[in-house]
Protein chains: 2
Amino acid sequence: MPSITIEEGRHRVVIESVSPEVDGGRFAAKRCVGDSVMVEADAFCDGHDRIACRLRWRRENETTWHDAAMTALANDRWRGHFIVTEPGAHRYTVLAWVDHFASWRNELPRRIDADDILSALHHGAELVRAAADRADDGDRTRLHDYAASLESSADAEAGRHIGLDPTLATLMFRHPDLSLATTYERELPLWVDRPRARCGAWYEMFPRSCVAAKSEHGNFASCIERLPYVVAMGFDVLYLPPIHPIGVTRRKEPNNTVPAEKSAVATRQAAAVGPGSPWAIGAAEGGHTAVHPQLGSLDDFRQLMTKASELGIELALDFAIQCSPDHPWVTAHPEWFRHRPDGSIQYAENPPKKYQDIYPIDFETTDWRALWTELKSVVDFWINEGIAIFRVDNPHTKAFPFWEWLIGEVHRDHPEVIFLAEAFTRPRVMQRLAKLGFSQSYTYFSWRNTRHELTEYFTELTRGDVREYLRPNLWPNTPDILTEYLQFGGRAGFVIRLVLAATLGASYGIYGPAFELQESAPRDPGGEEYLDSEKYQVRHWDIDRADSLKDVIARVNRIRRDNSALQQDWNLEFYPVDNEQIICYGKFTDDLADMVVVVVNLDPHHAQSGWVSLPVERFGLEDERPYQMHDELSGARYLWHGARNFVSLDPGISPAHIFRMRRRVRTEHDFDYFM
Amino acid sequence: MPSITIEEGRHRVVIESVSPEVDGGRFAAKRCVGDSVMVEADAFCDGHDRIACRLRWRRENETTWHDAAMTALANDRWRGHFIVTEPGAHRYTVLAWVDHFASWRNELPRRIDADDILSALHHGAELVRAAADRADDGDRTRLHDYAASLESSADAEAGRHIGLDPTLATLMFRHPDLSLATTYERELPLWVDRPRARCGAWYEMFPRSCVAAKSEHGNFASCIERLPYVVAMGFDVLYLPPIHPIGVTRRKEPNNTVPAEKSAVATRQAAAVGPGSPWAIGAAEGGHTAVHPQLGSLDDFRQLMTKASELGIELALDFAIQCSPDHPWVTAHPEWFRHRPDGSIQYAENPPKKYQDIYPIDFETTDWRALWTELKSVVDFWINEGIAIFRVDNPHTKAFPFWEWLIGEVHRDHPEVIFLAEAFTRPRVMQRLAKLGFSQSYTYFSWRNTRHELTEYFTELTRGDVREYLRPNLWPNTPDILTEYLQFGGRAGFVIRLVLAATLGASYGIYGPAFELQESAPRDPGGEEYLDSEKYQVRHWDIDRADSLKDVIARVNRIRRDNSALQQDWNLEFYPVDNEQIICYGKFTDDLADMVVVVVNLDPHHAQSGWVSLPVERFGLEDERPYQMHDELSGARYLWHGARNFVSLDPGISPAHIFRMRRRVRTEHDFDYFM
């Protein structure tokens, strides 16, 4: 018979199914500073004994655990929580043990014979004395006193009374016997971000278009002039497409044409050669750490950052790993690119499509270590300049191991940095990037228009396992995506998508001024590219146009700031409406101090009405009393009553309500104002 | 900047969400010899490249992998399978890589410019030549020829034709470049049992009751005489309660009374002192490796085993880890038991209940290594005697680490051994025991009576993750469990529970002759203990009684043997019936060669009828043609047509149909007999 190689065979408690746990602990669950992290586990032991559980957590660099109590739910499930106060890597696990005293105490009232009770009291005394030996001065004395009382009790009922003393139970709980305790087999990783990783209103803008007069090229200085406009709309983050030198070789002309193959659309354009795509990064002036001369100097950029910061808006830069043929890396590191058999470098392509102005990086290069190091140095450069948000261009076309390494390395020194993954691709790929460390992800929201689509998708995002690691950032439009809904929905269509994005998601963004000016013409019928896209030319926007949505946007962002319920994702819940064209959902803070109900007519062309059903009992609404629904979008107030209420939304007036629900309405019995 | 510690950063393919995978690979999935093991994984790479996947598997003691192809399903999911042919431990994992040739081949038809195509052909030639260098003689030459043809092709279309040659693709698929392939991070464990672990009809019987005349005590010789009776009913496994010496100290009397506290029921009994409970193991004659003298000698037991084996029935023994006060371990190893402060050994109790005739083992003993070793020697002893099925008594009251160790050790040398866990306890505890290695588990079937209960529970057992490791064994009754349904359901109630157990589960068992003789009197009203339970006394059963269910049981077991669809669990599916009292479900082999549909009236007292709806299109039934339903229980044949058909079941005649579905019915167009 082989000898037993197990070190300790008496760990009677089993701990399993700990949540959150992403891929068996391979990846970190994500939370934000200030969050209460709720951890659950199945824990149980053999037989009838009672067990006790503790949640243990620490910051990655701490050597000792903090403990938090766990309480039993149904079906051997336990729950505990702790609050995270600093960004960075954390760990948590679960500890559980057979609680012999609790088991003893649990059986004590059920004993019948006096002999039995007296025998049990002696056993209890042993347990208490052992705890006394583990305790410090004060508790030790008290426990020894209890042990003596139990042992010396000649009267069964009097002894039982001592044994059941709640103070004794509290003392014993403080000094458990952990010698045979089970620790969950994994120390699970938890990543904590600053709150902006979850919640923020983003505005994307091309600096070169920040000018009033035609024929001008905007720059960082004109961006500074535009800042108050952005701030007035209430945005938190200003995201700029790449600000680096733009290649000249095979530079794209307006509407994405190449000099050799001008289309009918292109010949309509005035400019012979456009300013090129900002994503064709790199020229004689430098690459990813240089600034496009037409935008200004690095100092000019610093001034923009400073000014933005003063106005309470944070700059986000684009991190696009690709090169124009003129990028310094092309000559310095030709081995980072894929070569044709004839020795030339292969430009990006997806046959029959060709992207002649861009060389992709070959992540299978044997020189990958130098490549990774250089790429990280780019991020470090901008972090040193004060940038702490990167919108990452097409991360799904770069090798996954690189992202895990890059984000991990950056986060070790700079846990405040936020990475937004622009990966409009298949679900598993998007999810993997999120697991690897991206703080936020673009989503399929842009193409989810019907109530069924929105309900299904947002239920998955906010209730499914994916929520542990993937944080959505919702964009109704981007420079690449002018959806059909926006092309045909008119002004109301823009408002509908704005309200949905801003209230379904804690993070959302728009690409402006195209959005607020309701730019809706596509380059090609059936396509999603903008006609005269800013990607290939300077646009001059009349931001003061009377029909601009800037005031509506400002109001929506104001509502987001005023209502903390809208600054979360997981609290989203959908409510039935008997008209399929109307969607209704709510977000509530845990304490019900802030309760928001949104109703949107998804049909941008016709008035729609219907009956909304709310689970009012859950909101603490008193049964027969009316409650107030204050539409913070229009300012109107409605008195509702009970679960079912009527709504009617005319897109010609306003396609949406963003209600703040106020529970108490003044009656003659109650002369207070609304809570 | 820290140096990069990653060894290889170019593993571009990600493999995740492999199934089956129990608790992140902590535990083995279970299969049986002959099974096709289907493995799925999410696999994908960055960008637009094609990937290829292989399933790799081996027996634990093999050093090289067997490979099986995986094919792409939707949404980056891949699937492959392999067939297991031997019991024992296996491993499997997934290998995937970027398939540059497949990517190249995929793009080739989409290229438009001749220059582009010619350039691509040169690139293709490079890929093919590299594969040639990896290939062996024959393929090498052919690949070199292809490379030369691609390279020398001056005509784009002719060259493209060569590049798309399926033979070339097949050759290339045989010689992939695995240098940057990704292997899934875990080698997942798989446990393979012999088929009996999944499928079998069990019969539990007390040897001491195998006698015709009153006042006699049955023995192994009388068991041999009873064997033909058991075999005629069609059972595969004969399970005997403990056959060891029974303690005399505080021995229980009939109806679980102790001498000192005889109840009214007990005094009704004739015998002053009964034969005791077989679960009070151990006496002067020995413990767990000894045989109760009144049953015979070890040689007598060997004869029973031999005879049973000749008749095609396998013996299962009870493994109950507990001792009577007279067990040799009590004196040899007092430290294995829990002591009272006065030094006496604590008998089993669950206040106010007391089990004075039984000492439980203390698995927290410091001498646990010796304890475990001794317990394993008991199992080894009986394995050496030829026993390969153990029904384990109350495993949930023994420490979990012990079971994992014991079963693991036993299985290493004896993969044929089957352990059935008798753990009627909470779900997580039952599941854990199954994960730890138990081959089968008793279930809550005994208490699931309504259609809703049965549908919900069996959907969980056969569709949920639990099916990967927990195999149900369904018992309508046991010596401890006389359900209310059986107490009040009459003869039909027994038949209903028999048919449900035998057709819902590939493994099922009955405790007889109590079952076939429809023993239904409880000891206490509202309780589930049998009156005059065999646990505490010898019973003399009139197995030839005219109303015995033995013929019905024989027919049901014959149907189970004839229909391989009933020998599986995962193929169970439920069908709607418009009468809540009727349950309908089907089991089909993958090839539809065997199709069984069961209809049971769950109401044992009244005739019930209703319309059954079958998804006939899935069964390959031709639209407008009738099909035959052959009730193998009654022998009757019905012609059904379309999805909805009428059923009517009178419990006074037969409460159930076990239909074999026959797809083709003879018409004038088709003079064959039924398929």
# chains A, B, ... in the order shown; residues from 1 in each chain; ligands from 1

call {"tool": "residues_around", "arguments": {"residues": "Glu151 of chain A", "least_positions_apart": "4", "cutoff": "10 Å", "atoms": "only C-alpha atoms", "output": "list in words"}}
result
Leu118, Ser119, Ala120, Leu121, His122, His123, Gly124, Ala125, Glu126, Asp145, Tyr146, Ala147 and Gly159 of chain A

call {"tool": "write_last_selection", "arguments": {"atoms": "C-alpha atoms", "output": "mmCIF file, in the first residue's frame"}}
result
data_model
loop_
_atom_site.group_PDB
_atom_site.id
_atom_site.type_symbol
_atom_site.label_atom_id
_atom_site.label_comp_id
_atom_site.auth_asym_id
_atom_site.auth_seq_id
_atom_site.Cartn_x
_atom_site.Cartn_y
_atom_site.Cartn_z
ATOM 1 C CA LEU A 118 -24.434 17.720 32.062
ATOM 2 C CA SER A 119 -22.126 15.609 29.916
ATOM 3 C CA ALA A 120 -22.515 18.123 27.093
ATOM 4 C CA LEU A 121 -21.670 20.990 29.475
ATOM 5 C CA HIS A 122 -18.386 19.324 30.296
ATOM 6 C CA HIS A 123 -17.641 18.968 26.612
ATOM 7 C CA GLY A 124 -18.546 22.636 26.109
ATOM 8 C CA ALA A 125 -16.198 23.607 28.883
ATOM 9 C CA GLU A 126 -13.368 21.885 27.005
ATOM 10 C CA ASP A 145 -14.677 31.950 33.778
ATOM 11 C CA TYR A 146 -17.296 30.601 31.402
ATOM 12 C CA ALA A 147 -15.507 27.238 31.189
ATOM 13 C CA GLY A 159 -25.728 25.146 32.898
#

call {"tool": "residues_around", "arguments": {"residues": "Ser441 of chain A", "least_positions_apart": "6", "cutoff": "10 Å", "atoms": "only C-alpha atoms", "output": "PyMOL selection string"}}
result
chain A and resi 391-392+419-424+430-431+433-434+470-474+507

call {"tool": "atom_distance", "arguments": {"atom1": "atom CA of Val552 of chain A", "atom2": "atom CA of Arg662 of chain A"}}
result
22.9 Å

call {"tool": "closest_atom_pairs", "arguments": {"of": "chain A", "to": "chain B", "cutoff": "8 Å", "atoms": "only C-alpha atoms", "output": "JSON lines"}}
result
{"residue": "A:Ile4", "atom": "CA", "partner": "B:Arg369", "partner_atom": "CA", "distance": 7.0}
{"residue": "A:Gly9", "atom": "CA", "partner": "B:Pro401", "partner_atom": "CA", "distance": 5.9}
{"residue": "A:Arg10", "atom": "CA", "partner": "B:Glu364", "partner_atom": "CA", "distance": 5.5}
{"residue": "A:His11", "atom": "CA", "partner": "B:Pro401", "partner_atom": "CA", "distance": 7.2}
{"residue": "A:Arg12", "atom": "CA", "partner": "B:Ala399", "partner_atom": "CA", "distance": 5.4}
{"residue": "A:Val13", "atom": "CA", "partner": "B:Phe400", "partner_atom": "CA", "distance": 8.0}
{"residue": "A:Val14", "atom": "CA", "partner": "B:Phe400", "partner_atom": "CA", "distance": 7.7}
{"residue": "A:Ser17", "atom": "CA", "partner": "B:Asp23", "partner_atom": "CA", "distance": 7.7}
{"residue": "A:Asp23", "atom": "CA", "partner": "B:Gly24", "partner_atom": "CA", "distance": 7.4}
{"residue": "A:Gly24", "atom": "CA", "partner": "B:Gly24", "partner_atom": "CA", "distance": 5.4}
{"residue": "A:Asp42", "atom": "CA", "partner": "B:Arg428", "partner_atom": "CA", "distance": 7.7}
{"residue": "A:Phe44", "atom": "CA", "partner": "B:Val429", "partner_atom": "CA", "distance": 7.3}
{"residue": "A:Cys45", "atom": "CA", "partner": "B:Ala399", "partner_atom": "CA", "distance": 7.6}
{"residue": "A:Asp46", "atom": "CA", "partner": "B:Thr397", "partner_atom": "CA", "distance": 4.9}
{"residue": "A:Gly47", "atom": "CA", "partner": "B:Thr397", "partner_atom": "CA", "distance": 4.0}
{"residue": "A:His48", "atom": "CA", "partner": "B:Thr397", "partner_atom": "CA", "distance": 7.6}
{"residue": "A:Asn75", "atom": "CA", "partner": "B:Arg426", "partner_atom": "CA", "distance": 7.3}
{"residue": "A:Asp76", "atom": "CA", "partner": "B:Arg428", "partner_atom": "CA", "distance": 7.1}
{"residue": "A:Glu107", "atom": "CA", "partner": "B:Pro351", "partner_atom": "CA", "distance": 6.2}
{"residue": "A:Arg110", "atom": "CA", "partner": "B:Pro351", "partner_atom": "CA", "distance": 5.5}
{"residue": "A:Arg111", "atom": "CA", "partner": "B:Pro352", "partner_atom": "CA", "distance": 5.3}
{"residue": "A:Ile112", "atom": "CA", "partner": "B:Pro352", "partner_atom": "CA", "distance": 6.5}
{"residue": "A:Ser119", "atom": "CA", "partner": "B:Arg340", "partner_atom": "CA", "distance": 7.4}
{"residue": "A:His122", "atom": "CA", "partner": "B:Pro341", "partner_atom": "CA", "distance": 6.4}
{"residue": "A:His123", "atom": "CA", "partner": "B:Pro341", "partner_atom": "CA", "distance": 6.0}
{"residue": "A:Arg340", "atom": "CA", "partner": "B:His123", "partner_atom": "CA", "distance": 6.8}
{"residue": "A:Pro341", "atom": "CA", "partner": "B:His123", "partner_atom": "CA", "distance": 6.0}
{"residue": "A:Asn350", "atom": "CA", "partner": "B:Glu107", "partner_atom": "CA", "distance": 7.7}
{"residue": "A:Pro351", "atom": "CA", "partner": "B:Arg110", "partner_atom": "CA", "distance": 5.5}
{"residue": "A:Pro352", "atom": "CA", "partner": "B:Arg111", "partner_atom": "CA", "distance": 5.4}
{"residue": "A:Phe363", "atom": "CA", "partner": "B:Arg10", "partner_atom": "CA", "distance": 6.7}
{"residue": "A:Glu364", "atom": "CA", "partner": "B:Arg10", "partner_atom": "CA", "distance": 5.5}
{"residue": "A:Trp368", "atom": "CA", "partner": "B:Gly9", "partner_atom": "CA", "distance": 7.1}
{"residue": "A:Arg369", "atom": "CA", "partner": "B:Ile4", "partner_atom": "CA", "distance": 7.0}
{"residue": "A:His396", "atom": "CA", "partner": "B:Asp46", "partner_atom": "CA", "distance": 5.2}
{"residue": "A:Thr397", "atom": "CA", "partner": "B:Gly47", "partner_atom": "CA", "distance": 4.0}
{"residue": "A:Lys398", "atom": "CA", "partner": "B:Asp46", "partner_atom": "CA", "distance": 5.8}
{"residue": "A:Ala399", "atom": "CA", "partner": "B:Arg12", "partner_atom": "CA", "distance": 5.4}
{"residue": "A:Phe400", "atom": "CA", "partner": "B:Arg12", "partner_atom": "CA", "distance": 6.3}
{"residue": "A:Pro401", "atom": "CA", "partner": "B:Gly9", "partner_atom": "CA", "distance": 5.9}
{"residue": "A:Phe402", "atom": "CA", "partner": "B:Gly9", "partner_atom": "CA", "distance": 6.8}
{"residue": "A:Arg426", "atom": "CA", "partner": "B:Asn75", "partner_atom": "CA", "distance": 7.4}
{"residue": "A:Pro427", "atom": "CA", "partner": "B:Asn75", "partner_atom": "CA", "distance": 7.6}
{"residue": "A:Arg428", "atom": "CA", "partner": "B:Asp76", "partner_atom": "CA", "distance": 7.1}
{"residue": "A:Val429", "atom": "CA", "partner": "B:Phe44", "partner_atom": "CA", "distance": 7.3}

call {"tool": "select_by_dssp", "arguments": {"residues": "segment 164-299 of chain B", "states": "alpha helix (DSSP H)", "output": "number ranges by chain"}}
result
B: 166-174, 220-232, 264-268, 298-299
